[in-house]
file work-v3.tsv (TSV, C-alpha atoms)
chain	number	residue	atom	x	y	z
A	1	MET	CA	117.23	144.03	65.82
A	2	LYS	CA	114.78	145.66	63.40
A	3	PRO	CA	116.60	144.46	60.26
A	4	LEU	CA	116.01	140.88	61.41
A	5	LEU	CA	112.21	141.19	61.27
A	6	PRO	CA	111.90	141.25	57.48
A	7	LEU	CA	114.30	138.30	57.29
A	8	LEU	CA	112.26	136.31	59.80
A	9	LEU	CA	109.06	137.13	57.95
A	10	LEU	CA	110.64	136.09	54.64
A	11	ALA	CA	111.82	132.80	56.16
A	12	SER	CA	108.36	132.15	57.52
A	13	LEU	CA	106.73	132.78	54.14
A	14	SER	CA	109.32	130.62	52.40
A	15	ALA	CA	108.65	127.74	54.80
A	16	ALA	CA	104.93	128.04	54.17
A	17	ALA	CA	105.46	128.02	50.42
A	18	GLN	CA	107.51	124.86	50.71
A	19	ALA	CA	105.07	123.05	53.02
A	20	ASP	CA	103.89	119.70	51.74
A	21	MET	CA	100.35	119.30	50.55
A	22	THR	CA	98.99	116.61	52.84
A	23	VAL	CA	96.36	114.12	51.67
A	24	GLY	CA	94.63	111.97	54.27
A	25	VAL	CA	93.60	108.59	52.88
A	26	ILE	CA	91.14	106.41	54.79
A	27	LEU	CA	90.73	102.86	53.46
A	28	SER	CA	89.12	99.58	54.50
A	29	THR	CA	92.19	97.34	54.30
A	30	THR	CA	90.85	94.91	56.89
A	31	GLY	CA	87.35	93.63	57.61
A	32	PRO	CA	84.63	92.79	55.05
A	33	GLY	CA	85.76	95.55	52.70
A	34	ALA	CA	89.39	94.42	52.57
A	35	SER	CA	89.22	92.94	49.06
A	36	LEU	CA	88.34	96.45	47.87
A	37	GLY	CA	90.58	98.43	50.22
A	38	ILE	CA	93.82	96.52	49.71
A	39	PRO	CA	94.10	97.42	45.99
A	40	GLU	CA	93.41	101.02	46.99
A	41	ARG	CA	96.24	100.92	49.51
A	42	ASN	CA	98.50	99.35	46.87
A	43	THR	CA	97.73	102.20	44.49
A	44	VAL	CA	99.19	104.79	46.87
A	45	ALA	CA	102.64	103.81	45.56
A	46	LEU	CA	101.52	104.83	42.05
A	47	LEU	CA	100.22	108.27	42.99
A	48	PRO	CA	102.05	111.52	42.16
A	49	LYS	CA	104.66	112.66	44.66
A	50	GLU	CA	104.57	116.21	43.35
A	51	ILE	CA	101.91	118.39	41.69
A	52	ALA	CA	102.79	121.72	40.02
A	53	GLY	CA	106.08	121.78	41.90
A	54	GLN	CA	104.34	121.13	45.23
A	55	ALA	CA	105.41	118.06	47.24
A	56	VAL	CA	102.53	115.75	48.18
A	57	LYS	CA	102.49	113.68	51.37
A	58	TYR	CA	100.00	110.83	51.87
A	59	VAL	CA	98.88	109.72	55.33
A	60	VAL	CA	97.06	106.38	55.04
A	61	LEU	CA	94.85	104.92	57.79
A	62	ASP	CA	92.81	101.70	57.94
A	63	ASP	CA	89.22	101.89	59.20
A	64	GLY	CA	88.71	98.12	59.43
A	65	SER	CA	85.49	98.50	57.35
A	66	ASP	CA	83.93	100.14	60.40
A	67	SER	CA	82.08	103.45	60.21
A	68	THR	CA	83.02	104.52	63.74
A	69	ALA	CA	86.71	103.92	63.02
A	70	ALA	CA	86.40	105.79	59.71
A	71	ALA	CA	85.02	108.87	61.47
A	72	LYS	CA	87.72	108.64	64.15
A	73	ASN	CA	90.43	108.43	61.50
A	74	ALA	CA	89.01	111.41	59.63
A	75	ARG	CA	88.90	113.50	62.79
A	76	LYS	CA	92.50	112.55	63.58
A	77	LEU	CA	93.65	113.52	60.10
A	78	VAL	CA	92.02	116.96	60.13
A	79	SER	CA	92.96	117.81	63.73
A	80	GLU	CA	96.45	116.32	64.07
A	81	GLN	CA	97.75	116.13	60.50
A	82	ARG	CA	95.85	119.20	59.29
A	83	VAL	CA	95.31	117.52	55.93
A	84	ASP	CA	94.37	119.56	52.88
A	85	LEU	CA	92.12	116.83	51.50
A	86	LEU	CA	90.41	113.63	52.65
A	87	ILE	CA	90.15	110.66	50.30
A	88	GLY	CA	87.98	107.69	51.25
A	89	SER	CA	86.62	105.59	52.38
A	90	THR	CA	86.26	102.26	50.59
A	91	THR	CA	82.60	101.45	51.28
A	92	VAL	CA	79.45	103.56	51.29
A	93	PRO	CA	78.86	103.35	55.08
A	94	THR	CA	82.46	104.33	55.90
A	95	SER	CA	82.43	107.09	53.27
A	96	ALA	CA	79.28	108.50	54.87
A	97	ALA	CA	81.06	108.56	58.23
A	98	VAL	CA	84.04	110.44	56.77
A	99	ALA	CA	81.65	112.91	55.10
A	100	GLN	CA	80.43	114.18	58.46
A	101	ILE	CA	83.97	115.16	59.47
A	102	ALA	CA	84.69	116.64	56.04
A	103	LYS	CA	81.66	118.89	56.37
A	104	GLU	CA	82.42	119.89	59.97
A	105	SER	CA	86.06	120.74	59.20
A	106	SER	CA	85.46	122.35	55.79
A	107	THR	CA	87.83	119.85	54.17
A	108	ALA	CA	87.07	118.46	50.73
A	109	GLN	CA	86.46	114.71	50.60
A	110	ILE	CA	86.72	112.48	47.55
A	111	ALA	CA	84.82	109.28	48.33
A	112	LEU	CA	85.93	106.07	46.64
A	113	ALA	CA	82.49	104.47	46.97
A	114	PRO	CA	79.30	105.78	45.31
A	115	PHE	CA	78.18	107.67	48.39
A	116	ALA	CA	75.48	110.21	47.60
A	117	PRO	CA	75.06	112.87	50.31
A	118	ALA	CA	71.61	114.09	51.21
A	119	GLU	CA	70.24	117.05	49.29
A	120	GLY	CA	72.14	120.19	50.26
A	121	GLU	CA	74.91	118.24	52.01
A	122	GLN	CA	77.24	117.71	49.06
A	123	ARG	CA	79.26	120.95	49.17
A	124	TRP	CA	82.48	119.37	50.49
A	125	ILE	CA	81.87	115.83	49.15
A	126	PHE	CA	83.02	114.54	45.75
A	127	THR	CA	82.83	110.98	44.46
A	128	VAL	CA	84.82	109.15	41.78
A	129	ALA	CA	82.82	105.90	41.81
A	130	GLN	CA	79.99	105.65	39.31
A	131	THR	CA	76.47	106.30	40.62
A	132	ASN	CA	74.30	103.26	41.16
A	133	ALA	CA	71.69	104.76	38.84
A	134	LEU	CA	74.21	105.06	35.98
A	135	MET	CA	75.27	101.42	36.38
A	136	ALA	CA	71.75	100.11	36.97
A	137	GLN	CA	70.61	101.60	33.66
A	138	ALA	CA	73.02	99.31	31.80
A	139	LEU	CA	71.57	96.29	33.62
A	140	ILE	CA	67.97	97.31	33.00
A	141	GLU	CA	68.68	97.72	29.28
A	142	HIS	CA	70.23	94.24	29.15
A	143	MET	CA	67.22	92.77	30.98
A	144	GLN	CA	64.84	94.37	28.50
A	145	GLN	CA	66.82	93.09	25.54
A	146	ASN	CA	66.77	89.57	26.98
A	147	GLY	CA	63.10	89.33	27.91
A	148	VAL	CA	63.35	89.62	31.70
A	149	LYS	CA	59.89	90.34	33.12
A	150	THR	CA	60.33	89.39	36.78
A	151	LEU	CA	63.31	90.26	38.98
A	152	ALA	CA	64.26	89.33	42.55
A	153	TYR	CA	66.76	91.22	44.67
A	154	ILE	CA	69.22	90.06	47.35
A	155	GLY	CA	71.22	92.96	48.77
A	156	TYR	CA	73.17	94.17	51.75
A	157	ASN	CA	71.20	95.20	54.79
A	158	ASP	CA	72.83	98.65	54.78
A	159	VAL	CA	72.92	101.88	52.80
A	160	TRP	CA	74.49	100.19	49.74
A	161	GLY	CA	71.81	97.52	49.57
A	162	GLU	CA	69.06	100.04	50.23
A	163	ASP	CA	70.24	102.48	47.57
A	164	TRP	CA	70.37	99.75	44.92
A	165	HIS	CA	66.86	98.63	45.86
A	166	LYS	CA	65.67	102.23	45.65
A	167	VAL	CA	67.15	102.61	42.17
A	168	LEU	CA	65.64	99.32	41.00
A	169	SER	CA	62.24	100.21	42.44
A	170	ALA	CA	62.20	103.26	40.20
A	171	MET	CA	63.79	101.86	37.04
A	172	ALA	CA	62.44	98.31	36.82
A	173	PRO	CA	58.67	99.06	36.71
A	174	ALA	CA	59.29	101.82	34.17
A	175	ALA	CA	60.97	99.18	31.98
A	176	GLY	CA	58.13	96.69	32.39
A	177	ILE	CA	60.00	94.55	34.92
A	178	GLU	CA	58.30	93.47	38.15
A	179	LEU	CA	60.30	93.28	41.39
A	180	VAL	CA	58.94	90.12	43.00
A	181	ARG	CA	61.18	89.70	46.06
A	182	ASP	CA	63.48	91.80	48.25
A	183	GLU	CA	65.87	89.92	50.55
A	184	ARG	CA	68.76	91.27	52.62
A	185	PHE	CA	71.91	89.93	54.30
A	186	ASN	CA	74.79	91.35	56.33
A	187	ARG	CA	78.29	91.82	54.98
A	188	THR	CA	79.66	89.39	57.55
A	189	ASP	CA	77.04	86.63	57.09
A	190	SER	CA	78.35	83.15	56.32
A	191	SER	CA	75.06	81.78	54.99
A	192	VAL	CA	72.17	83.12	52.88
A	193	SER	CA	70.30	79.85	52.34
A	194	GLY	CA	67.05	81.22	53.74
A	195	GLN	CA	67.12	84.28	51.51
A	196	ALA	CA	68.00	82.22	48.44
A	197	LEU	CA	65.11	79.81	49.03
A	198	LYS	CA	62.64	82.68	49.41
A	199	VAL	CA	63.88	84.20	46.15
A	200	MET	CA	63.58	80.89	44.30
A	201	SER	CA	60.03	80.43	45.56
A	202	LYS	CA	59.03	83.37	43.37
A	203	LYS	CA	60.60	81.80	40.26
A	204	PRO	CA	62.01	85.09	38.94
A	205	ASP	CA	63.44	85.39	35.44
A	206	ALA	CA	66.54	86.99	36.93
A	207	VAL	CA	68.14	87.93	40.25
A	208	LEU	CA	70.21	91.00	41.04
A	209	ILE	CA	72.68	90.80	43.94
A	210	GLY	CA	73.31	94.16	45.57
A	211	ALA	CA	76.62	93.45	47.30
A	212	THR	CA	80.33	94.21	46.94
A	213	GLY	CA	83.60	92.28	46.76
A	214	THR	CA	83.84	88.71	47.97
A	215	PRO	CA	80.56	88.71	49.97
A	216	ALA	CA	78.73	89.20	46.66
A	217	ALA	CA	79.73	85.68	45.64
A	218	LEU	CA	77.85	84.11	48.56
A	219	PRO	CA	74.24	84.57	47.33
A	220	HIS	CA	75.30	83.73	43.79
A	221	THR	CA	76.94	80.42	44.63
A	222	GLU	CA	74.05	79.50	46.95
A	223	LEU	CA	71.46	80.15	44.24
A	224	ARG	CA	73.36	77.95	41.82
A	225	ARG	CA	73.82	75.24	44.46
A	226	LEU	CA	70.06	75.20	45.00
A	227	GLY	CA	69.48	74.82	41.26
A	228	TYR	CA	68.50	78.32	40.14
A	229	LYS	CA	68.91	78.52	36.34
A	230	GLY	CA	68.02	82.15	35.60
A	231	THR	CA	70.38	85.02	34.88
A	232	ILE	CA	72.16	86.50	37.89
A	233	TYR	CA	73.19	90.15	37.75
A	234	HIS	CA	75.65	91.97	40.02
A	235	THR	CA	76.58	95.57	40.75
A	236	HIS	CA	79.88	97.21	39.92
A	237	GLY	CA	80.81	96.77	43.57
A	238	ALA	CA	81.48	93.07	42.93
A	239	ALA	CA	84.09	93.59	40.22
A	240	ASN	CA	87.36	92.32	41.61
A	241	SER	CA	89.60	89.28	41.23
A	242	ALA	CA	88.77	87.97	44.71
A	243	PHE	CA	85.09	87.81	43.73
A	244	LEU	CA	86.01	85.79	40.64
A	245	ARG	CA	88.24	83.46	42.63
A	246	ILE	CA	85.72	82.81	45.41
A	247	GLY	CA	82.79	82.25	43.05
A	248	ASP	CA	84.82	80.30	40.47
A	249	LYS	CA	82.74	78.45	37.85
A	250	ALA	CA	79.46	79.18	39.63
A	251	LEU	CA	79.85	82.76	38.41
A	252	ASN	CA	79.91	81.79	34.73
A	253	GLY	CA	77.23	83.77	32.93
A	254	ALA	CA	76.96	86.50	35.56
A	255	ILE	CA	76.29	89.97	34.14
A	256	LEU	CA	77.55	93.20	35.67
A	257	PRO	CA	78.50	96.78	34.82
A	258	VAL	CA	82.13	97.74	35.44
A	259	GLY	CA	84.41	100.71	35.00
A	260	PRO	CA	86.43	100.78	31.74
A	261	VAL	CA	89.67	99.94	33.56
A	262	VAL	CA	88.38	96.44	34.33
A	263	VAL	CA	88.48	95.61	30.62
A	264	TRP	CA	91.34	97.93	29.70
A	265	ASP	CA	92.81	95.47	27.18
A	266	LYS	CA	89.45	94.93	25.47
A	267	LEU	CA	88.30	98.54	25.11
A	268	PRO	CA	87.78	99.93	21.61
A	269	ASP	CA	90.73	102.03	20.44
A	270	GLY	CA	88.49	105.09	20.38
A	271	HIS	CA	87.52	104.86	24.04
A	272	PRO	CA	88.84	107.96	25.90
A	273	SER	CA	90.01	105.90	28.91
A	274	LYS	CA	91.90	103.26	26.96
A	275	ALA	CA	95.37	104.85	27.16
A	276	ILE	CA	95.32	105.84	30.83
A	277	ALA	CA	93.53	102.67	31.94
A	278	SER	CA	96.11	100.59	30.07
A	279	ALA	CA	98.99	102.47	31.67
A	280	TYR	CA	97.55	102.16	35.17
A	281	ALA	CA	96.71	98.47	34.72
A	282	GLN	CA	100.14	97.57	33.42
A	283	ASN	CA	101.95	99.56	36.11
A	284	TYR	CA	99.79	98.05	38.85
A	285	GLN	CA	100.26	94.47	37.64
A	286	ALA	CA	103.98	94.98	37.11
A	287	GLN	CA	104.23	95.86	40.79
A	288	TYR	CA	101.66	93.47	42.31
A	289	GLY	CA	101.47	90.56	39.89
A	290	ALA	CA	99.40	89.27	37.00
A	291	ASN	CA	95.61	89.34	37.48
A	292	SER	CA	95.96	91.58	40.54
A	293	LEU	CA	94.18	94.54	38.92
A	294	SER	CA	91.14	95.90	40.71
A	295	PRO	CA	88.82	98.77	39.73
A	296	PHE	CA	88.83	99.90	43.35
A	297	GLY	CA	92.50	100.81	43.30
A	298	ALA	CA	91.80	102.71	40.09
A	299	TYR	CA	89.22	104.85	41.93
A	300	LEU	CA	92.01	106.19	44.13
A	301	TYR	CA	94.14	106.81	41.04
A	302	ASP	CA	91.29	108.79	39.46
A	303	ALA	CA	90.74	110.76	42.66
A	304	MET	CA	94.28	112.06	42.36
A	305	ARG	CA	93.74	112.80	38.65
A	306	LEU	CA	91.07	115.25	39.78
A	307	VAL	CA	93.41	116.66	42.41
A	308	GLU	CA	96.18	117.10	39.83
A	309	ALA	CA	93.78	119.13	37.72
A	310	ALA	CA	92.61	121.30	40.63
A	311	VAL	CA	95.80	122.02	42.58
A	312	PRO	CA	97.65	124.36	40.17
A	313	ALA	CA	94.88	126.97	40.30
A	314	ALA	CA	94.41	126.54	44.06
A	315	LEU	CA	98.13	127.17	44.62
A	316	LYS	CA	97.80	130.56	42.94
A	317	HIS	CA	95.52	131.72	45.76
A	318	ALA	CA	96.84	130.02	48.92
A	319	THR	CA	99.44	127.68	50.39
A	320	PRO	CA	98.82	124.12	51.61
A	321	GLY	CA	98.08	123.67	55.28
A	322	THR	CA	95.74	126.67	55.45
A	323	PRO	CA	91.93	126.99	55.51
A	324	ALA	CA	92.20	129.23	52.44
A	325	PHE	CA	93.94	126.48	50.46
A	326	ARG	CA	91.31	123.91	51.48
A	327	GLN	CA	88.59	126.29	50.30
A	328	HIS	CA	90.26	127.02	46.98
A	329	LEU	CA	91.00	123.32	46.41
A	330	ARG	CA	87.31	122.53	46.93
A	331	ASP	CA	86.32	125.31	44.53
A	332	GLN	CA	88.73	124.10	41.85
A	333	LEU	CA	87.63	120.47	42.19
A	334	GLU	CA	84.10	121.63	41.49
A	335	GLN	CA	85.25	123.28	38.28
A	336	THR	CA	87.27	120.40	36.79
A	337	ARG	CA	86.28	119.58	33.23
A	338	ASP	CA	87.21	116.82	30.79
A	339	VAL	CA	89.54	115.03	33.19
A	340	VAL	CA	90.21	111.63	31.66
A	341	GLY	CA	90.54	108.84	34.20
A	342	THR	CA	90.68	105.07	34.22
A	343	HIS	CA	86.94	104.98	34.92
A	344	GLY	CA	85.80	107.51	32.33
A	345	VAL	CA	85.79	111.25	31.75
A	346	TYR	CA	84.97	113.54	34.69
A	347	ASN	CA	83.05	116.80	34.33
A	348	LEU	CA	82.22	118.23	37.72
A	349	SER	CA	79.98	121.17	38.57
A	350	ALA	CA	78.19	122.77	41.50
A	351	THR	CA	75.26	120.42	40.91
A	352	ASP	CA	77.20	117.27	39.98
A	353	HIS	CA	80.01	116.06	42.24
A	354	PHE	CA	80.19	112.64	40.49
A	355	GLY	CA	80.83	113.91	36.96
A	356	HIS	CA	80.32	110.67	35.03
A	357	ASP	CA	78.46	109.88	31.83
A	358	GLN	CA	77.88	106.56	30.04
A	359	ARG	CA	81.56	106.37	29.07
A	360	ALA	CA	82.18	105.41	32.70
A	361	ARG	CA	80.61	101.98	32.30
A	362	ALA	CA	81.11	98.78	30.36
A	363	LEU	CA	78.90	95.71	30.47
A	364	VAL	CA	80.63	92.38	31.01
A	365	THR	CA	79.86	88.74	31.63
A	366	VAL	CA	81.98	86.21	33.54
A	367	GLN	CA	83.51	83.11	31.99
A	368	ASP	CA	86.08	80.93	33.77
A	369	GLN	CA	87.23	83.71	36.13
A	370	GLN	CA	87.63	86.17	33.26
A	371	TRP	CA	85.72	89.31	32.29
A	372	VAL	CA	84.22	89.10	28.80
A	373	LEU	CA	83.27	92.49	27.33
A	374	LEU	CA	79.73	92.82	26.02
A	375	HIS	CA	79.53	96.57	25.41
A	376	ALA	CA	81.53	99.73	26.16
A	377	PRO	CA	80.02	103.09	25.15
A	378	GLU	CA	82.53	105.49	23.60

call {"tool": "encode", "arguments": {"input": "work-v3.tsv", "output": "structure tokens"}}
result
Amino acid sequence: MKPLLPLLLLASLSAAAQADMTVGVILSTTGPGASLGIPERNTVALLPKEIAGQAVKYVVLDDGSDSTAAAKNARKLVSEQRVDLLIGSTTVPTSAAVAQIAKESSTAQIALAPFAPAEGEQRWIFTVAQTNALMAQALIEHMQQNGVKTLAYIGYNDVWGEDWHKVLSAMAPAAGIELVRDERFNRTDSSVSGQALKVMSKKPDAVLIGATGTPAALPHTELRRLGYKGTIYHTHGAANSAFLRIGDKALNGAILPVGPVVVWDKLPDGHPSKAIASAYAQNYQAQYGANSLSPFGAYLYDAMRLVEAAVPAALKHATPGTPAFRQHLRDQLEQTRDVVGTHGVYNLSATDHFGHDQRARALVTVQDQQWVLLHAPE
């Protein structure tokens, strides 16, 4: 029987070498975040099926835009599926919930929302969405150039809304802009009349709405209905076709920062993301229809661009499905440089798990349900 032992060992090693790399994807395809999560789910069909000769399997779960469900899904993926990587979730609150499981299980997470872990907690957490500070800077510069001196804020009553208010509280006064009102609403609210009236009572030069997807249209349309004439700004979280459709003509003149992929066909030829953003946009719309493009699906696409860059080196040290591979994958993600994505160029490091610079943003206005490019740094 002794001669069989080497053969059995060889078969075991061969099976391990051929094991799929498993990616657990947690998305908000139902609930308030659905207009963001559905394009992400659609993008799964456009992701690579093989990286460096290694088959890739995707396990996709819906968290219903609920943080408790997101954490439950993450725990299921690491314990039952033994995933090599977690991607998600769609919103900041659900991404924060997934992060706890990523940290506990020593599994790298790539968040699709601009979730910023607390100091010292970012080791296993990476993020492809632009930071709120990076995007807010573009808005502040536009406000300065257009004489805005007073600004009111209506944002979500959660971590997204709070982070945007925190960023504004630091940047606006430094730019000579006074924050005159801070109002909040819930993602599931059907009316914000009270908040809009309180904002208008301060007669601000401009209003910034700190919300995402279709709910971001609610305060905007209410302000216009009540007769507000000033400029209304939005965050990059509002940039999808459902937002444009729901807000319709009331959104004309809105200003917001977006990822380059949103204006892929209007980018300067010298922009580093033009080619890949154009390819992604055309492939996505060929499969899901004209005007179906969303920057949120592109975040998932960029997440796998980072993975494609990191996996070859990780495979030299360990095989998928093992703690060693998860560790090496995390290490390689942290070392990725000059990875061109649809949302800009990523340069990650031990101190920067976002990796963006100003090439990750473009400033647009809205006109008749279309994005009109104002500026795109190259």

call {"tool": "closest_residue", "arguments": {"input": "work-v3.tsv", "among": "A:His343, A:Lys203, A:His165, A:Arg361", "to": "Lys149 of chain A", "atoms": "all atoms listed in the file"}}
result
A:Lys203

call {"tool": "residues_near_point", "arguments": {"input": "work-v3.tsv", "point": "(97.5, 116.5, 58.2)", "cutoff": "9 Å", "atoms": "only C-alpha atoms", "output": "list in words"}}
result
Met21, Thr22, Val23, Gly24, Lys57, Tyr58, Val59, Lys76, Leu77, Val78, Ser79, Glu80, Gln81, Arg82, Val83, Asp84, Leu85 and Gly321 of chain A

call {"tool": "residues_around", "arguments": {"input": "work-v3.tsv", "residues": "Gly247 of chain A", "least_positions_apart": "4", "cutoff": "12 Å", "atoms": "all atoms listed in the file", "output": "ChimeraX atom specification"}}
result
/A:213-225,238-243,251-254,366-370

call {"tool": "closest_residue", "arguments": {"input": "work-v3.tsv", "among": "A:Gly237, A:Gly230, A:Gly64, A:Pro93", "to": "Asn146 of chain A", "atoms": "all atoms listed in the file"}}
result
A:Gly230

call {"tool": "atom_distance", "arguments": {"input": "work-v3.tsv", "atom1": "atom CA of Val199 of chain A", "atom2": "atom CA of Leu179 of chain A"}}
result
10.9 Å

call {"tool": "closest_residue", "arguments": {"input": "work-v3.tsv", "among": "A:Gly37, A:Gly259, A:Pro48, A:Gly297", "to": "Val345 of chain A", "atoms": "all atoms listed in the file"}}
result
A:Gly259

call {"tool": "closest_residue", "arguments": {"input": "work-v3.tsv", "among": "A:Ala309, A:Lys249, A:Val92, A:Pro257", "to": "Thr127 of chain A", "atoms": "only C-alpha atoms"}}
result
A:Val92

call {"tool": "closest_residue", "arguments": {"input": "work-v3.tsv", "among": "A:Ala211, A:Phe354, A:Trp371, A:Ser190", "to": "Asp265 of chain A", "atoms": "all atoms listed in the file"}}
result
A:Trp371

call {"tool": "closest_residue", "arguments": {"input": "work-v3.tsv", "among": "A:Arg305, A:Lys202, A:His353, A:Arg184", "to": "Tyr280 of chain A", "atoms": "only C-alpha atoms"}}
result
A:Arg305

call {"tool": "residues_around", "arguments": {"input": "work-v3.tsv", "residues": "Ile209 of chain A", "least_positions_apart": "3", "cutoff": "9 Å", "atoms": "only C-alpha atoms", "output": "VMD selection string"}}
result
chain A and resid 152 to 156 161 212 216 to 217 219 to 220 232 to 235

call {"tool": "residues_near_point", "arguments": {"input": "work-v3.tsv", "point": "(77.8, 100.5, 36.1)", "cutoff": "12 Å", "atoms": "only C-alpha atoms", "output": "PyMOL selection string"}}
result
chain A and resi 114+129-141+164+233-239+255-260+262+295+343-344+356-364+375-377

call {"tool": "write_last_selection", "arguments": {"input": "work-v3.tsv", "atoms": "C-alpha atoms", "output": "PDB file, in the coordinates of the input"}}
result
ATOM      1  CA  PRO A 114      79.300 105.780  45.310  1.00  0.00           C
ATOM      2  CA  ALA A 129      82.820 105.900  41.810  1.00  0.00           C
ATOM      3  CA  GLN A 130      79.990 105.650  39.310  1.00  0.00           C
ATOM      4  CA  THR A 131      76.470 106.300  40.620  1.00  0.00           C
ATOM      5  CA  ASN A 132      74.300 103.260  41.160  1.00  0.00           C
ATOM      6  CA  ALA A 133      71.690 104.760  38.840  1.00  0.00           C
ATOM      7  CA  LEU A 134      74.210 105.060  35.980  1.00  0.00           C
ATOM      8  CA  MET A 135      75.270 101.420  36.380  1.00  0.00           C
ATOM      9  CA  ALA A 136      71.750 100.110  36.970  1.00  0.00           C
ATOM     10  CA  GLN A 137      70.610 101.600  33.660  1.00  0.00           C
ATOM     11  CA  ALA A 138      73.020  99.310  31.800  1.00  0.00           C
ATOM     12  CA  LEU A 139      71.570  96.290  33.620  1.00  0.00           C
ATOM     13  CA  ILE A 140      67.970  97.310  33.000  1.00  0.00           C
ATOM     14  CA  GLU A 141      68.680  97.720  29.280  1.00  0.00           C
ATOM     15  CA  TRP A 164      70.370  99.750  44.920  1.00  0.00           C
ATOM     16  CA  TYR A 233      73.190  90.150  37.750  1.00  0.00           C
ATOM     17  CA  HIS A 234      75.650  91.970  40.020  1.00  0.00           C
ATOM     18  CA  THR A 235      76.580  95.570  40.750  1.00  0.00           C
ATOM     19  CA  HIS A 236      79.880  97.210  39.920  1.00  0.00           C
ATOM     20  CA  GLY A 237      80.810  96.770  43.570  1.00  0.00           C
ATOM     21  CA  ALA A 238      81.480  93.070  42.930  1.00  0.00           C
ATOM     22  CA  ALA A 239      84.090  93.590  40.220  1.00  0.00           C
ATOM     23  CA  ILE A 255      76.290  89.970  34.140  1.00  0.00           C
ATOM     24  CA  LEU A 256      77.550  93.200  35.670  1.00  0.00           C
ATOM     25  CA  PRO A 257      78.500  96.780  34.820  1.00  0.00           C
ATOM     26  CA  VAL A 258      82.130  97.740  35.440  1.00  0.00           C
ATOM     27  CA  GLY A 259      84.410 100.710  35.000  1.00  0.00           C
ATOM     28  CA  PRO A 260      86.430 100.780  31.740  1.00  0.00           C
ATOM     29  CA  VAL A 262      88.380  96.440  34.330  1.00  0.00           C
ATOM     30  CA  PRO A 295      88.820  98.770  39.730  1.00  0.00           C
ATOM     31  CA  HIS A 343      86.940 104.980  34.920  1.00  0.00           C
ATOM     32  CA  GLY A 344      85.800 107.510  32.330  1.00  0.00           C
ATOM     33  CA  HIS A 356      80.320 110.670  35.030  1.00  0.00           C
ATOM     34  CA  ASP A 357      78.460 109.880  31.830  1.00  0.00           C
ATOM     35  CA  GLN A 358      77.880 106.560  30.040  1.00  0.00           C
ATOM     36  CA  ARG A 359      81.560 106.370  29.070  1.00  0.00           C
ATOM     37  CA  ALA A 360      82.180 105.410  32.700  1.00  0.00           C
ATOM     38  CA  ARG A 361      80.610 101.980  32.300  1.00  0.00           C
ATOM     39  CA  ALA A 362      81.110  98.780  30.360  1.00  0.00           C
ATOM     40  CA  LEU A 363      78.900  95.710  30.470  1.00  0.00           C
ATOM     41  CA  VAL A 364      80.630  92.380  31.010  1.00  0.00           C
ATOM     42  CA  HIS A 375      79.530  96.570  25.410  1.00  0.00           C
ATOM     43  CA  ALA A 376      81.530  99.730  26.160  1.00  0.00           C
ATOM     44  CA  PRO A 377      80.020 103.090  25.150  1.00  0.00           C
TER      45      PRO A 377
END

call {"tool": "residues_around", "arguments": {"input": "work-v3.tsv", "residues": "His317 of chain A", "least_positions_apart": "3", "cutoff": "12 Å", "atoms": "only C-alpha atoms", "output": "compact mmCIF listing (two decimals) with C-alpha atoms, in the coordinates of the input"}}
result
# COMPACT_ATOMS: atom_id res chain seq x y z
CA ALA A 17 105.46 128.02 50.42
CA ALA A 310 92.61 121.30 40.63
CA VAL A 311 95.80 122.02 42.58
CA PRO A 312 97.65 124.36 40.17
CA ALA A 313 94.88 126.97 40.30
CA ALA A 314 94.41 126.54 44.06
CA PRO A 320 98.82 124.12 51.61
CA THR A 322 95.74 126.67 55.45
CA PRO A 323 91.93 126.99 55.51
CA ALA A 324 92.20 129.23 52.44
CA PHE A 325 93.94 126.48 50.46
CA ARG A 326 91.31 123.91 51.48
CA GLN A 327 88.59 126.29 50.30
CA HIS A 328 90.26 127.02 46.98
CA LEU A 329 91.00 123.32 46.41
CA ASP A 331 86.32 125.31 44.53
CA GLN A 332 88.73 124.10 41.85

call {"tool": "axis_aligned_box", "arguments": {"input": "work-v3.tsv", "around": "segment 351-369 of chain A", "padding_each_side": "4 Å", "output": "AutoDock Vina command-line options"}}
result
--center_x 81.2 --center_y 100.7 --center_z 35.7 --size_x 20.0 --size_y 47.5 --size_z 21.2

call {"tool": "build_atoms", "arguments": {"input": "work-v3.tsv", "residues": "segment 342-346 of chain A", "atoms": "N, CA, C and O atoms", "output": "JSON list (two decimals), in the frame of the given file"}}
result
[["chain", "number", "residue", "atom", "x", "y", "z"],
["A", 342, "THR", "N", 90.78, 106.49, 34.57],
["A", 342, "THR", "CA", 90.68, 105.07, 34.22],
["A", 342, "THR", "C", 89.23, 104.60, 34.18],
["A", 342, "THR", "O", 88.92, 103.59, 33.57],
["A", 343, "HIS", "N", 88.35, 105.35, 34.85],
["A", 343, "HIS", "CA", 86.94, 104.98, 34.92],
["A", 343, "HIS", "C", 86.05, 105.86, 34.05],
["A", 343, "HIS", "O", 84.83, 105.82, 34.18],
["A", 344, "GLY", "N", 86.62, 106.66, 33.18],
["A", 344, "GLY", "CA", 85.80, 107.51, 32.33],
["A", 344, "GLY", "C", 86.29, 108.94, 32.33],
["A", 344, "GLY", "O", 87.42, 109.23, 32.76],
["A", 345, "VAL", "N", 85.44, 109.83, 31.86],
["A", 345, "VAL", "CA", 85.79, 111.25, 31.75],
["A", 345, "VAL", "C", 84.95, 112.03, 32.76],
["A", 345, "VAL", "O", 83.73, 111.94, 32.77],
["A", 346, "TYR", "N", 85.63, 112.82, 33.60],
["A", 346, "TYR", "CA", 84.97, 113.54, 34.69],
["A", 346, "TYR", "C", 84.70, 114.99, 34.30],
["A", 346, "TYR", "O", 85.60, 115.70, 33.85]]
